[in-house]
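Report on one structure; see the data block that follows.
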Amino acid sequence: MNSIAATLRRGRQAAGLSLTELAHRAGIAKSTLSQLEAGQGNPSLETLWALCTALELPFSRLLDPPRPRVQVIRADEGEAVISAQADYRATLLSACPPGARRDLYRIDSEPGTPHTSVPHAPGVVEHVLLTAGRALVGPADDPVELSPGDYVAYPGDQAHVFEAREPATRALLASEYL
């Protein structure tokens, strides 16, 4: 959590924003942001995305620790962020290296409440490859049903959804920052 706190603080300061202004832009309480920058609290996926969108900061910057040249992340490892709204977990697999503009995540989701994402920064495109289960994925107003091996790309800068239709649904998600 301390690396997330430091990254948020640096991002806010680099953008020249006060705690109040960033909290307002992200739609969260100033006290929540203050706690996060102090390394306290347990932020939801939605709160962290809102802050990254307000800062125009790739989400992976919050989670990406330094890595060796050869990197292996086992299926039950990695820095995961849990959704507050749905049985949905995003685990950062590969952050956008300097000069590139993409992040990779492993998605683990269960049937129930769909995970609905608010629009990300302008120009973001999301790519999803379903690896297990079945899911509705894509624009909130027109998602497509995916089976294992199916792929979809859609604008991430508009509301979008991931709804698991079977237990143990898994996917690879790439966020591309254009």
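Residues are named by chain letter and number: chains run A, B, ... in the order of the structure tokens, numbers start at 1 in each chain, and ligands are numbered from 1 in the order shown.
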For this session: Write out as an MDAnalysis selection string all residues of stretch 55-170 of chain A that DSSP puts in strand (DSSP E or B) for this structure's backbone.
Result: chainID A and resid 80:82 88:94 102:109 115:117 124:132 135:139 144:146 151:155 160:164 169:170
- Surrounding residues of A:Leu33 excluding itself and chain neighbours under 6 positions, 10 Å, only C-alpha atoms, as a list in words: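 Once the nearby chain positions are removed, what remains is Ala5, Leu8, Arg9, Leu19, Thr20, Leu22, Ala23, Ala26, Gly39, Gln40, Gly41, Pro43, Thr47, Leu48 and Leu51 of chain A.
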Residue nearest A:Ala6 among A:Ile28, A:Gln35, A:Ser18, A:His120 (counting only C-alpha atoms):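 Result for the nearest residue to A:Ala6: A:Gln35.
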From atom CA of A:Tyr151 to atom CA of A:Ser175 the spacing works out at 13.6 Å
Between atom CA of A:Phe162 and atom CA of A:Ala54 lies a distance of 22.0 Å
*Select, from A:Leu93, A:Ala140, A:Leu55, A:Leu62, the residue with the minimum atom-to-atom distance to A:Asn2, counting only C-alpha atoms.*
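Closest candidate: A:Leu62.
We find atom CA of A:Tyr177 and atom CA of A:Val125 to be spaced 6.7 Å apart.
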Return as a PyMOL selection string the full set of residues in stretch 22-155 of chain A whose backbone-based DSSP assignment is helix (DSSP H, G or I).
chain A and resi 22-26+30-37+45-55+59-62
Given the selection you just returned, output its residues as a file containing N, CA, C and O atoms, formatted as a short mmCIF file (atom, residue, chain, number, x, y, z; two decimals), in the first residue's frame.
```
data_model
loop_
_atom_site.label_atom_id
_atom_site.label_comp_id
_atom_site.auth_asym_id
_atom_site.auth_seq_id
_atom_site.Cartn_x
_atom_site.Cartn_y
_atom_site.Cartn_z
N LEU A 22 -8.26 16.97 -6.53
CA LEU A 22 -8.18 15.60 -7.04
C LEU A 22 -9.37 14.77 -6.53
O LEU A 22 -9.96 14.02 -7.31
N ALA A 23 -9.71 14.91 -5.27
CA ALA A 23 -10.86 14.17 -4.72
C ALA A 23 -12.13 14.53 -5.48
O ALA A 23 -12.92 13.64 -5.84
N HIS A 24 -12.31 15.80 -5.78
CA HIS A 24 -13.48 16.25 -6.54
C HIS A 24 -13.49 15.64 -7.94
O HIS A 24 -14.50 15.10 -8.40
N ARG A 25 -12.37 15.70 -8.64
CA ARG A 25 -12.28 15.14 -10.00
C ARG A 25 -12.53 13.64 -10.03
O ARG A 25 -13.09 13.12 -10.99
N ALA A 26 -12.09 12.94 -8.98
CA ALA A 26 -12.24 11.49 -8.92
C ALA A 26 -13.58 11.06 -8.34
O ALA A 26 -13.94 9.89 -8.40
N LYS A 30 -12.45 13.72 0.20
CA LYS A 30 -11.10 14.22 0.45
C LYS A 30 -10.44 13.40 1.56
O LYS A 30 -9.25 13.09 1.48
N SER A 31 -11.19 13.02 2.58
CA SER A 31 -10.64 12.23 3.68
C SER A 31 -10.16 10.86 3.18
O SER A 31 -9.14 10.35 3.64
N THR A 32 -10.87 10.27 2.22
CA THR A 32 -10.45 8.99 1.64
C THR A 32 -9.13 9.16 0.92
O THR A 32 -8.21 8.35 1.10
N LEU A 33 -9.00 10.20 0.11
CA LEU A 33 -7.75 10.45 -0.61
C LEU A 33 -6.61 10.70 0.37
O LEU A 33 -5.50 10.18 0.20
N SER A 34 -6.86 11.47 1.41
CA SER A 34 -5.84 11.76 2.41
C SER A 34 -5.36 10.47 3.07
O SER A 34 -4.15 10.26 3.24
N GLN A 35 -6.29 9.57 3.40
CA GLN A 35 -5.91 8.28 4.00
C GLN A 35 -5.09 7.45 3.03
O GLN A 35 -4.10 6.83 3.42
N LEU A 36 -5.49 7.43 1.75
CA LEU A 36 -4.75 6.65 0.75
C LEU A 36 -3.33 7.17 0.59
O LEU A 36 -2.38 6.39 0.50
N GLU A 37 -3.17 8.49 0.55
CA GLU A 37 -1.83 9.06 0.40
C GLU A 37 -0.98 8.82 1.65
O GLU A 37 0.25 8.84 1.57
N LEU A 45 -11.04 -1.32 -6.31
CA LEU A 45 -10.63 -1.17 -7.70
C LEU A 45 -11.24 0.10 -8.29
O LEU A 45 -10.57 0.87 -8.97
N GLU A 46 -12.51 0.34 -8.01
CA GLU A 46 -13.21 1.49 -8.58
C GLU A 46 -12.60 2.81 -8.11
O GLU A 46 -12.44 3.75 -8.89
N THR A 47 -12.24 2.88 -6.81
CA THR A 47 -11.63 4.10 -6.28
C THR A 47 -10.28 4.37 -6.94
O THR A 47 -9.99 5.50 -7.36
N LEU A 48 -9.46 3.33 -7.06
CA LEU A 48 -8.14 3.50 -7.68
C LEU A 48 -8.25 3.88 -9.15
O LEU A 48 -7.51 4.74 -9.64
N TRP A 49 -9.20 3.27 -9.89
CA TRP A 49 -9.40 3.63 -11.31
C TRP A 49 -9.82 5.09 -11.42
O TRP A 49 -9.37 5.83 -12.31
N ALA A 50 -10.74 5.52 -10.54
CA ALA A 50 -11.21 6.90 -10.59
C ALA A 50 -10.06 7.88 -10.38
O ALA A 50 -9.96 8.90 -11.06
N LEU A 51 -9.18 7.56 -9.44
CA LEU A 51 -8.03 8.43 -9.18
C LEU A 51 -7.07 8.44 -10.38
O LEU A 51 -6.59 9.51 -10.78
N CYS A 52 -6.81 7.28 -10.95
CA CYS A 52 -5.91 7.23 -12.11
C CYS A 52 -6.50 7.99 -13.29
O CYS A 52 -5.77 8.69 -14.00
N THR A 53 -7.80 7.85 -13.51
CA THR A 53 -8.44 8.58 -14.60
C THR A 53 -8.33 10.08 -14.38
O THR A 53 -7.99 10.83 -15.29
N ALA A 54 -8.58 10.53 -13.15
CA ALA A 54 -8.50 11.95 -12.84
C ALA A 54 -7.07 12.48 -13.00
O ALA A 54 -6.87 13.63 -13.38
N LEU A 55 -6.08 11.63 -12.74
CA LEU A 55 -4.68 12.03 -12.87
C LEU A 55 -4.11 11.76 -14.26
O LEU A 55 -2.96 12.08 -14.53
N PHE A 59 -3.21 2.91 -14.78
CA PHE A 59 -3.55 2.21 -13.53
C PHE A 59 -2.37 1.40 -13.01
O PHE A 59 -2.12 1.32 -11.81
N SER A 60 -1.62 0.80 -13.91
CA SER A 60 -0.53 -0.08 -13.50
C SER A 60 0.55 0.64 -12.71
O SER A 60 1.28 0.02 -11.95
N ARG A 61 0.67 1.93 -12.85
CA ARG A 61 1.70 2.68 -12.11
C ARG A 61 1.50 2.54 -10.60
O ARG A 61 2.44 2.68 -9.84
N LEU A 62 0.25 2.27 -10.19
CA LEU A 62 -0.02 2.11 -8.75
C LEU A 62 0.49 0.78 -8.21
O LEU A 62 0.76 0.65 -7.03
#
```
Discussion item. Applying 8 Å and only C-alpha atoms, which residues near A:Leu63 remain after dropping the ones on its own chain fewer than 5 positions away? List them as number ranges by chain.
Written reply: A: 3-4, 79, 92
Review point. Looking at only C-alpha atoms, which of A:Leu17, A:Val124, A:Ala95, A:Ile82 is the one that sits closest to A:Glu176?
Key: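 Once distances to A:Glu176 are computed over only C-alpha atoms, the minimum belongs to A:Val124.
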_Spatial neighbours of A:Ala86, max dist 12 Å, only C-alpha atoms, sep filter under 6 positions, as a ChimeraX atom specification_ = /A:44-46,108-117,161-164
With N, CA and C atoms retained, write the just-selected residues as an mmCIF file, in the first residue's frame.
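See again.cif below for the written result:
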```cif
data_model
loop_
_atom_site.group_PDB
_atom_site.id
_atom_site.type_symbol
_atom_site.label_atom_id
_atom_site.label_comp_id
_atom_site.auth_asym_id
_atom_site.auth_seq_id
_atom_site.Cartn_x
_atom_site.Cartn_y
_atom_site.Cartn_z
ATOM 1 N N SER A 44 -10.867 0.273 -3.069
ATOM 2 C CA SER A 44 -11.446 -0.645 -4.051
ATOM 3 C C SER A 44 -10.849 -0.370 -5.420
ATOM 4 N N LEU A 45 -11.042 -1.315 -6.308
ATOM 5 C CA LEU A 45 -10.630 -1.165 -7.699
ATOM 6 C C LEU A 45 -11.239 0.099 -8.292
ATOM 7 N N GLU A 46 -12.513 0.337 -8.011
ATOM 8 C CA GLU A 46 -13.214 1.491 -8.581
ATOM 9 C C GLU A 46 -12.600 2.811 -8.105
ATOM 10 N N ASP A 108 -10.045 -12.531 -12.836
ATOM 11 C CA ASP A 108 -10.719 -13.667 -12.219
ATOM 12 C C ASP A 108 -12.086 -13.165 -11.793
ATOM 13 N N SER A 109 -13.150 -13.819 -12.259
ATOM 14 C CA SER A 109 -14.485 -13.317 -11.975
ATOM 15 C C SER A 109 -15.453 -14.470 -11.759
ATOM 16 N N GLU A 110 -16.488 -14.213 -10.976
ATOM 17 C CA GLU A 110 -17.530 -15.192 -10.684
ATOM 18 C C GLU A 110 -18.886 -14.607 -11.055
ATOM 19 N N PRO A 111 -19.855 -15.473 -11.373
ATOM 20 C CA PRO A 111 -21.205 -14.976 -11.693
ATOM 21 C C PRO A 111 -21.783 -14.173 -10.530
ATOM 22 N N GLY A 112 -22.688 -13.305 -10.855
ATOM 23 C CA GLY A 112 -23.315 -12.443 -9.851
ATOM 24 C C GLY A 112 -23.423 -11.043 -10.408
ATOM 25 N N THR A 113 -23.087 -10.080 -9.607
ATOM 26 C CA THR A 113 -23.148 -8.689 -10.022
ATOM 27 C C THR A 113 -22.086 -8.416 -11.082
ATOM 28 N N PRO A 114 -22.475 -7.844 -12.214
ATOM 29 C CA PRO A 114 -21.473 -7.512 -13.245
ATOM 30 C C PRO A 114 -20.504 -6.441 -12.736
ATOM 31 N N HIS A 115 -19.280 -6.484 -13.236
ATOM 32 C CA HIS A 115 -18.310 -5.427 -12.945
ATOM 33 C C HIS A 115 -18.466 -4.367 -14.027
ATOM 34 N N THR A 116 -18.968 -3.199 -13.643
ATOM 35 C CA THR A 116 -19.158 -2.099 -14.581
ATOM 36 C C THR A 116 -18.081 -1.059 -14.325
ATOM 37 N N SER A 117 -17.353 -0.699 -15.370
ATOM 38 C CA SER A 117 -16.287 0.290 -15.259
ATOM 39 C C SER A 117 -16.746 1.619 -15.835
ATOM 40 N N VAL A 161 -18.392 -3.234 -19.387
ATOM 41 C CA VAL A 161 -18.802 -4.234 -18.409
ATOM 42 C C VAL A 161 -18.053 -5.547 -18.619
ATOM 43 N N PHE A 162 -17.871 -6.280 -17.535
ATOM 44 C CA PHE A 162 -17.381 -7.658 -17.558
ATOM 45 C C PHE A 162 -18.307 -8.429 -16.634
ATOM 46 N N GLU A 163 -19.085 -9.357 -17.195
ATOM 47 C CA GLU A 163 -20.042 -10.129 -16.407
ATOM 48 C C GLU A 163 -19.775 -11.615 -16.606
ATOM 49 N N ALA A 164 -19.261 -12.273 -15.567
ATOM 50 C CA ALA A 164 -19.010 -13.717 -15.636
ATOM 51 C C ALA A 164 -20.348 -14.443 -15.718
#
```
Selected residue of minimal separation from A:Pro119 among A:Thr7, A:Arg102, A:Leu172, A:Pro155, counting only C-alpha atoms
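The shortest atom-to-atom distance to A:Pro119 comes from A:Pro155.
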> Using only C-alpha atoms, which residues sit within 10 Å of stretch 141-147 of chain A once same-chain residues fewer than 2 positions away are excluded, as a list in words?
Replying inline: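 Contacts, in chain order: Val128, Leu129, Leu130, Thr131, Ala132, Gly133, Arg134, Ala135, Leu136, Val137, Gly138, Pro139, Gly149, Asp150, Tyr151, Val152, Tyr154, Gln158, Ala159, His160, Val161, Phe162, Glu163, Ala164, Arg165, Thr169 and Ala171 of chain A.
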